[in-house]
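Structure below is data30.txt: compact mmCIF, C-alpha atoms.
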```
# COMPACT_ATOMS: atom_id res chain seq x y z
CA MET A 7 -28.98 22.54 1.91
CA LYS A 8 -32.40 22.14 0.35
CA ARG A 9 -33.85 18.62 0.19
CA GLN A 10 -35.64 17.51 -2.97
CA PHE A 11 -38.62 15.16 -2.87
CA ASP A 12 -41.30 13.66 -5.11
CA LYS A 13 -44.72 12.73 -3.70
CA PHE A 14 -46.97 9.86 -4.70
CA ALA A 15 -50.38 8.43 -3.80
CA PHE A 16 -52.50 5.42 -4.70
CA ASP A 17 -54.00 5.75 -8.18
CA VAL A 18 -56.99 3.40 -8.32
CA ALA A 19 -59.52 5.65 -10.06
CA SER A 20 -59.34 3.74 -13.34
CA LEU A 21 -59.65 0.28 -11.77
CA PRO A 22 -62.97 -1.59 -12.06
CA ALA A 23 -65.21 -2.02 -9.04
CA TRP A 24 -64.46 -4.89 -6.69
CA VAL A 25 -65.01 -8.44 -7.92
CA ASP A 26 -63.82 -11.43 -5.95
CA GLN A 27 -60.47 -12.53 -7.39
CA ASN A 28 -57.78 -15.10 -6.82
CA ILE A 29 -54.57 -13.08 -6.31
CA ASP A 30 -51.46 -15.18 -5.82
CA GLN A 31 -49.05 -12.29 -5.97
CA ILE A 32 -48.62 -8.80 -7.30
CA LEU A 33 -45.33 -7.69 -8.81
CA PRO A 34 -44.08 -4.18 -9.50
CA ALA A 35 -43.16 -3.23 -13.05
CA LEU A 36 -39.40 -3.69 -12.75
CA PHE A 37 -38.20 -2.75 -16.21
CA LYS A 38 -34.94 -0.89 -15.62
CA ALA A 39 -31.76 -1.52 -13.66
CA THR A 40 -28.90 0.67 -12.50
CA ARG A 41 -26.46 -0.60 -15.13
CA PHE A 42 -24.63 2.72 -15.08
CA LEU A 43 -23.62 2.34 -11.42
CA ASP A 44 -22.25 -1.13 -12.06
CA ASN A 45 -19.37 0.14 -14.18
CA VAL A 46 -18.27 3.54 -12.86
CA THR A 47 -16.27 4.50 -9.76
CA ILE A 48 -18.38 5.05 -6.62
CA VAL A 49 -16.91 7.71 -4.34
CA GLU A 50 -18.38 7.15 -0.86
CA GLY A 51 -18.82 9.37 2.17
CA VAL A 52 -19.56 12.58 0.24
CA LYS A 53 -22.18 14.74 1.97
CA GLY A 54 -21.18 17.98 0.23
CA SER A 55 -18.06 18.53 -1.90
CA ILE A 56 -14.68 16.82 -2.03
CA ASP A 57 -11.59 17.02 -4.23
CA TRP A 58 -11.32 13.79 -6.22
CA ASN A 59 -7.55 13.54 -6.54
CA GLY A 60 -5.27 11.56 -8.80
CA LEU A 61 -1.60 11.18 -9.72
CA SER A 62 -0.04 11.95 -13.11
CA ILE A 63 3.65 11.55 -14.05
CA THR A 64 5.28 12.68 -17.29
CA GLY A 65 8.94 12.56 -18.22
CA THR A 66 11.65 12.50 -20.89
CA LEU A 67 13.86 9.52 -21.74
CA ARG A 68 17.48 10.72 -22.07
CA ASP A 69 20.84 9.32 -23.12
CA LYS A 70 22.69 8.35 -19.92
CA SER A 71 25.99 7.21 -21.40
CA GLY A 72 27.81 10.00 -19.55
CA CYS A 73 27.76 11.20 -15.96
CA GLY A 74 25.39 13.75 -14.55
CA PHE A 75 21.82 14.06 -13.46
CA THR A 76 18.83 15.82 -15.03
CA ASP A 77 15.38 16.19 -13.53
CA ASP A 78 13.37 14.64 -16.35
CA ALA A 79 10.01 13.89 -14.72
CA THR A 80 7.08 15.97 -13.58
CA VAL A 81 4.75 14.70 -10.91
CA SER A 82 1.36 16.38 -10.66
CA PHE A 83 -1.85 15.75 -8.76
CA PRO A 84 -4.79 16.62 -11.01
CA LYS A 85 -8.09 16.89 -9.22
CA VAL A 86 -11.75 17.54 -9.87
CA THR A 87 -14.37 18.76 -7.42
CA LEU A 88 -17.15 16.24 -6.80
CA THR A 89 -20.28 17.80 -5.29
CA THR A 90 -23.30 15.87 -4.04
CA LYS A 91 -26.83 16.90 -3.20
CA PRO A 92 -29.43 15.08 -1.06
CA VAL A 93 -32.38 13.83 -3.12
CA GLY A 94 -35.26 11.52 -2.34
CA ILE A 95 -38.78 10.26 -2.96
CA ASP A 96 -41.64 10.36 -0.43
CA VAL A 97 -44.84 8.36 -0.63
CA GLU A 98 -48.02 8.75 1.44
CA LEU A 99 -50.85 6.22 1.14
CA CYS A 100 -54.32 6.00 2.60
CA ARG A 101 -55.18 2.32 2.74
CA ARG A 102 -58.91 2.99 2.57
CA ASP A 103 -58.39 4.12 -1.02
CA LEU A 104 -57.91 0.42 -1.77
CA ASN A 105 -61.45 -0.48 -0.70
CA GLY A 106 -64.18 -1.02 -3.28
CA LYS A 107 -61.67 -2.30 -5.84
CA TRP A 108 -59.90 -5.64 -6.21
CA THR A 109 -57.02 -4.03 -4.27
CA GLN A 110 -58.99 -4.36 -1.02
CA VAL A 111 -57.53 -7.87 -0.69
CA PHE A 112 -54.46 -6.12 0.73
CA ASN A 113 -56.42 -4.70 3.67
CA PRO A 114 -56.92 -6.88 6.75
CA ARG A 115 -60.22 -7.15 8.59
CA GLY A 116 -60.99 -4.40 11.08
CA ALA A 117 -61.45 -0.64 10.62
CA GLN A 118 -58.41 0.22 12.74
CA ALA A 119 -56.28 -2.63 11.46
CA GLU A 120 -56.78 -1.73 7.81
CA LEU A 121 -55.38 1.77 8.41
CA GLU A 122 -52.33 0.65 10.36
CA SER A 123 -51.39 -2.48 8.41
CA LEU A 124 -48.03 -2.56 6.64
CA SER A 125 -48.96 -5.58 4.53
CA PHE A 126 -47.52 -6.03 1.01
CA THR A 127 -44.49 -4.03 2.11
CA GLU A 128 -42.11 -6.33 0.22
CA VAL A 129 -43.58 -5.59 -3.18
CA LEU A 130 -43.96 -1.88 -2.36
CA THR A 131 -40.34 -1.71 -1.21
CA LEU A 132 -39.13 -3.41 -4.40
CA GLY A 133 -41.13 -0.99 -6.49
CA MET A 134 -39.83 2.07 -4.66
CA ILE A 135 -36.21 0.89 -4.85
CA GLN A 136 -36.60 0.28 -8.57
CA LEU A 137 -38.14 3.72 -9.02
CA ALA A 138 -35.24 5.29 -7.12
CA ALA A 139 -32.73 3.39 -9.27
CA GLU A 140 -34.39 4.56 -12.47
CA LYS A 141 -34.60 8.18 -11.29
CA TRP A 142 -30.97 8.15 -10.14
CA GLN A 143 -29.60 6.76 -13.39
CA ARG A 144 -31.56 9.39 -15.33
CA LEU A 145 -30.26 12.17 -13.06
CA LEU A 146 -26.65 10.98 -13.32
CA LEU A 147 -26.79 10.89 -17.11
CA LEU A 148 -29.22 13.70 -18.04
CA GLY A 149 -28.90 16.02 -15.04
CA ASP A 150 -29.09 19.73 -15.92
CA THR A 151 -29.57 22.47 -13.35
CA SER A 152 -31.26 24.62 -16.01
CA ALA A 153 -33.73 21.92 -17.07
CA VAL A 154 -37.51 22.21 -16.78
CA ASP A 155 -37.85 18.56 -15.73
CA VAL A 156 -37.85 18.53 -11.91
CA ASN A 157 -36.41 15.02 -11.89
CA ILE A 158 -33.06 16.06 -13.38
CA VAL A 159 -32.61 19.65 -12.16
CA HIS A 160 -30.70 18.76 -8.98
CA HIS A 161 -27.21 18.71 -10.52
CA ASP A 162 -25.52 18.50 -13.92
CA GLY A 163 -25.13 14.97 -15.24
CA LEU A 164 -22.51 13.13 -17.26
CA LEU A 165 -23.77 14.14 -20.71
CA LYS A 166 -23.86 17.85 -19.92
CA LYS A 167 -20.39 17.69 -18.38
CA LEU A 168 -19.02 15.96 -21.48
CA VAL A 169 -20.55 18.63 -23.71
CA THR A 170 -19.55 21.68 -21.64
CA THR A 171 -16.03 20.61 -20.57
CA SER A 172 -13.60 22.11 -23.09
CA ALA A 173 -10.93 19.46 -22.51
CA VAL A 174 -13.22 16.71 -23.90
CA SER A 175 -12.26 15.93 -27.50
CA THR A 176 -14.73 15.97 -30.40
CA TYR A 177 -14.95 13.42 -33.21
CA ASN A 178 -16.65 14.43 -36.46
CA ILE A 179 -18.88 11.68 -37.86
CA SER A 180 -20.49 13.64 -40.70
CA GLY A 181 -18.98 11.21 -43.21
CA PHE A 182 -21.09 8.30 -41.96
CA THR A 183 -24.66 7.57 -43.07
CA LEU A 184 -26.14 6.73 -39.69
CA THR A 185 -29.39 5.32 -41.10
CA ASN A 186 -27.27 2.50 -42.53
CA PRO A 187 -26.54 -0.20 -39.91
CA ALA A 188 -23.18 -1.03 -41.49
CA ASP A 189 -22.12 2.63 -41.32
CA VAL A 190 -23.21 2.87 -37.69
CA TYR A 191 -21.08 -0.12 -36.81
CA GLU A 192 -18.09 1.27 -38.72
CA MET A 193 -18.53 4.62 -36.97
CA LEU A 194 -18.42 2.93 -33.57
CA GLU A 195 -15.28 1.02 -34.52
CA SER A 196 -13.57 4.18 -35.76
CA LEU A 197 -14.57 6.05 -32.59
CA ALA A 198 -13.18 3.21 -30.48
CA LEU A 199 -9.88 3.40 -32.33
CA ALA A 200 -9.80 7.15 -31.68
CA ILE A 201 -9.58 6.46 -27.93
CA ASP A 202 -6.07 7.08 -26.65
CA GLU A 203 -4.04 3.93 -27.28
CA LYS A 204 -2.60 4.08 -23.77
CA VAL A 205 -6.15 3.75 -22.46
CA ARG A 206 -7.11 0.87 -24.76
CA ASP A 207 -3.91 -1.02 -23.97
CA ASN A 208 -4.10 -0.52 -20.20
CA ALA A 209 -5.64 -3.59 -18.60
CA THR A 210 -6.72 -1.64 -15.50
CA LEU A 211 -8.75 0.96 -17.42
CA ARG A 212 -12.23 0.39 -18.81
CA PRO A 213 -12.83 2.29 -22.06
CA ALA A 214 -16.41 2.20 -23.30
CA ILE A 215 -18.74 3.88 -25.77
CA TYR A 216 -22.16 5.08 -24.62
CA VAL A 217 -24.94 5.39 -27.21
CA GLY A 218 -28.72 5.65 -27.31
CA SER A 219 -31.16 2.95 -28.38
CA THR A 220 -31.33 3.83 -32.08
CA LEU A 221 -27.59 3.69 -32.79
CA TYR A 222 -27.18 0.60 -30.66
CA GLU A 223 -29.94 -1.36 -32.36
CA ARG A 224 -28.68 -0.40 -35.82
CA ALA A 225 -25.18 -1.60 -34.93
CA ARG A 226 -26.65 -4.78 -33.52
CA LYS A 227 -28.67 -5.32 -36.71
CA HIS A 228 -25.49 -5.06 -38.77
CA LEU A 229 -23.91 -7.89 -36.78
CA PHE A 230 -26.85 -10.18 -37.53
CA ASP A 231 -27.09 -9.05 -41.18
CA ALA A 232 -23.39 -9.88 -41.59
CA ASN A 233 -23.88 -13.28 -39.91
CA LEU A 234 -21.56 -12.26 -37.09
CA TYR A 235 -23.68 -14.10 -34.53
CA HIS A 236 -20.65 -15.00 -32.44
CA VAL A 237 -20.06 -11.33 -31.55
CA ALA A 238 -23.66 -10.08 -31.67
CA PRO A 239 -25.02 -9.26 -28.19
CA THR A 240 -27.18 -12.15 -27.00
CA SER A 241 -27.94 -13.67 -23.62
CA GLU A 242 -25.29 -16.31 -24.37
CA ASN A 243 -22.30 -13.99 -24.78
CA VAL A 244 -23.15 -10.95 -22.65
CA GLY A 245 -25.13 -12.55 -19.85
CA SER A 246 -28.61 -11.45 -18.89
CA SER A 247 -28.30 -7.97 -20.44
CA ARG A 248 -28.43 -7.45 -24.19
CA ALA A 249 -27.69 -3.75 -23.73
CA GLN A 250 -23.96 -4.08 -24.38
CA MET A 251 -21.69 -5.46 -27.07
CA ILE A 252 -17.95 -5.90 -27.56
CA LEU A 253 -16.43 -4.44 -30.72
CA PRO A 254 -14.17 -7.29 -31.92
CA ARG A 255 -11.58 -5.11 -33.70
CA SER A 256 -10.91 -2.73 -30.82
CA GLU A 257 -12.29 -4.85 -27.93
CA VAL A 258 -14.08 -1.75 -26.59
CA VAL A 259 -17.48 -2.30 -25.00
CA VAL A 260 -20.51 -0.39 -26.32
CA ARG A 261 -23.29 0.24 -23.80
CA LYS A 262 -26.84 1.30 -24.58
CA PHE A 263 -28.51 3.94 -22.42
CA SER A 264 -31.99 5.06 -23.42
CA GLU A 265 -31.37 8.32 -21.54
CA ILE A 266 -29.15 9.44 -24.44
CA ASP A 267 -32.28 9.33 -26.64
CA ALA A 268 -33.60 12.22 -24.54
CA GLN A 269 -30.55 14.48 -24.62
CA PRO A 270 -31.17 18.11 -25.72
CA ALA A 271 -30.51 19.13 -29.32
CA SER A 272 -28.15 21.82 -28.00
CA TYR A 273 -25.59 19.12 -27.17
CA GLY A 274 -24.20 19.23 -30.73
CA ALA A 275 -25.40 15.79 -31.80
CA THR A 276 -28.91 14.42 -32.11
CA PRO A 277 -29.84 11.30 -30.11
CA THR A 278 -29.41 9.29 -33.33
CA SER A 279 -25.86 10.55 -33.82
CA ALA A 280 -24.61 10.97 -30.25
CA ALA A 281 -21.88 8.67 -29.03
CA TYR A 282 -19.52 9.17 -26.10
CA ALA A 283 -16.17 7.44 -25.67
CA VAL A 284 -15.45 7.34 -21.95
CA VAL A 285 -13.08 5.84 -19.41
CA GLU A 286 -15.45 4.34 -16.88
CA ASN A 287 -12.88 4.29 -14.07
CA TYR A 288 -12.64 8.08 -14.42
CA ILE A 289 -16.36 8.69 -14.01
CA GLY A 290 -16.94 9.32 -10.31
CA VAL A 291 -20.40 9.03 -8.78
CA GLY A 292 -20.45 10.69 -5.39
CA THR A 293 -22.74 9.55 -2.62
CA ASP A 294 -22.67 9.12 1.14
CA ASP A 295 -23.62 5.44 1.46
CA PRO A 296 -24.05 3.49 -1.82
CA GLN A 297 -26.88 1.50 -0.25
CA ASP A 298 -28.98 4.55 0.65
CA TYR A 299 -31.04 4.47 -2.54
CA GLN A 300 -32.08 0.91 -1.64
CA ASP A 301 -33.04 1.81 1.95
CA PHE A 302 -36.81 2.40 1.85
CA ASN A 303 -38.39 3.25 5.20
CA LEU A 304 -42.10 2.62 5.75
CA TRP A 305 -44.17 3.64 8.79
CA TYR A 306 -47.69 4.35 10.05
CA ASN A 307 -48.36 8.07 10.51
CA GLN A 308 -50.79 8.40 13.43
CA ASP A 309 -51.51 12.09 12.79
CA ASN A 310 -52.94 11.62 9.29
CA ARG A 311 -53.90 7.92 9.65
CA THR A 312 -51.81 7.14 6.58
CA ILE A 313 -48.86 4.97 5.62
CA ARG A 314 -45.75 6.95 4.80
CA GLY A 315 -42.51 5.92 3.15
CA ALA A 316 -39.28 7.65 2.24
CA ILE A 317 -36.09 6.87 0.38
CA GLU A 318 -33.20 9.37 0.34
CA TRP A 319 -29.60 9.47 -0.84
CA TYR A 320 -26.80 11.82 -1.90
CA SER A 321 -26.05 12.23 -5.60
CA GLY A 322 -23.29 13.85 -7.64
CA ILE A 323 -21.04 13.07 -10.61
CA ALA A 324 -17.65 14.21 -11.94
CA ILE A 325 -15.20 13.21 -14.67
CA TRP A 326 -11.46 12.98 -14.06
CA ARG A 327 -8.93 13.35 -16.91
CA PRO A 328 -11.56 14.76 -19.33
CA GLU A 329 -8.93 14.95 -22.09
CA LEU A 330 -9.31 11.16 -22.43
CA PHE A 331 -13.03 11.43 -23.21
CA ILE A 332 -14.51 11.95 -26.70
CA ARG A 333 -17.94 13.04 -27.95
CA THR A 334 -19.24 12.90 -31.50
CA VAL A 335 -20.26 15.96 -33.50
CA THR A 336 -21.80 16.24 -36.96
CA SER A 337 -20.23 19.47 -38.15
```
Written as structure tokens, that's how I'd like the structure from this file.
Amino acid sequence: MKRQFDKFAFDVASLPAWVDQNIDQILPALFKATRFLDNVTIVEGVKGSIDWNGLSITGTLRDKSGCGFTDDATVSFPKVTLTTKPVGIDVELCRRDLNGKWTQVFNPRGAQAELESLSFTEVLTLGMIQLAAEKWQRLLLLGDTSAVDVNIVHHDGLLKKLVTTSAVSTYNISGFTLTNPADVYEMLESLALAIDEKVRDNATLRPAIYVGSTLYERARKHLFDANLYHVAPTSENVGSSRAQMILPRSEVVVRKFSEIDAQPASYGATPTSAAYAVVENYIGVGTDDPQDYQDFNLWYNQDNRTIRGAIEWYSGIAIWRPELFIRTVTS
């Protein structure tokens, strides 16, 4: 099984020459979080492929006023294959690249010591973990084995599976003017009501609608324009993240993922018209150990006199009961 890696190095070429500075701390640019992983089903211990199994029972209600017995129920075990692939990010750093710039404050005194030091590992670790989280979420959503982008070519992601799986229903939204915030909001409500009622009424299932930034912000604008501040997504009613809202009529959550803004045009809906009604319990993310993508190893490489780091994990995604999922189309 081929292992996939990215490589990085210090980029200090554009920094000004060293001037004495007072540096209290340096923080990585932590802009994104793995919100996607927080809501789906994590299937652990998958190093290759497994059958993700479930139970489905259907039956007929009959008149039992007389005697006799009829086999009225069918029990089946639908399954989907969940395949994972090992992915990772490597980093190799020469600490002497930090000299001559303000970054030399991170190097201790001594020619040997400056090469071997593992100082500022906490901030580097945080940055690498955040990078891994961002890359993983993008792969899980946008993955496409035929893509040119090396970051997402490792396996097909959720969006491609929703587009290419024939059992996924389509919902035509050509009647909505999606540049109008009120129409966007009404479209989301109508899509939510198109979700199977058994799903919406089942307290153990988590129906949701995934959209890109443009649709989400237009729907959010409508809530404020209509003075519906009590249901508009703010830090008061959705916690620290404003990237989700609850539709009050259907009580279905809408989640914003900027990755949808980058989906290919071949998916049948542009990023400004793409919406996906999903059952989050039935989205399975396969991995070996869920903590692997947060396990960043850092060491001194004596052969090259450099600092090396690596972070690796297994990644895969599958959808179970695809007939309960819906994607929008415009024709």
| Near-Ser196 of chain A list (10 Å; only C-alpha atoms; drop same-chain fewer than 5 positions) as a PyMOL selection string | chain A and resi 177+179+190-191+201+255-256
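For the pair atom CA of Asp207 of chain A and atom CA of Glu329 of chain A, the separation is 16.8 Å.
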| Top pick for closest residue to Leu304 of chain A, considering A:Thr183, A:Phe230, A:Thr127, A:Tyr288 and counting only C-alpha atoms |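 That would be A:Thr127, the residue with the smallest distance to Leu304 of chain A.
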| Selected residue of minimal separation from Asp298 of chain A among A:Cys100, A:Val259, A:Ile266, A:Ala316, counting all atoms listed in the file |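 Between A:Cys100, A:Val259, A:Ile266, A:Ala316, the residue approaching Asp298 of chain A most closely is A:Ala316.
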| query | Which residue, A:Ser279, A:Thr293, A:Gln300, A:Gln308, has the smallest gap to Val52 of chain A when you use all atoms listed in the file? | reply |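 Answer, going by the shortest atom-to-atom distance: A:Thr293.
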| request: With a distance cut-off of 9 Å and all atoms listed in the file, select the neighbouring residues of Arg102 of chain A, excluding the residue or stretch itself and same-chain residues fewer than 4 positions from it, and output the selection as a VMD selection string. | output: chain A and resid 106 110 113 120 to 121
| said: Using only C-alpha atoms, can you tell me which of A:Gly322, A:Gly290, A:Gly218, A:Pro328 comes closest to Ser172 of chain A? | reply: A:Pro328
| request: Would you work out the distance separating atom CA of Ser123 of chain A from atom CA of Tyr299 of chain A, expressed in Å to one decimal? | output: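 We find that atom CA of Ser123 of chain A and atom CA of Tyr299 of chain A lie 24.1 Å from each other.
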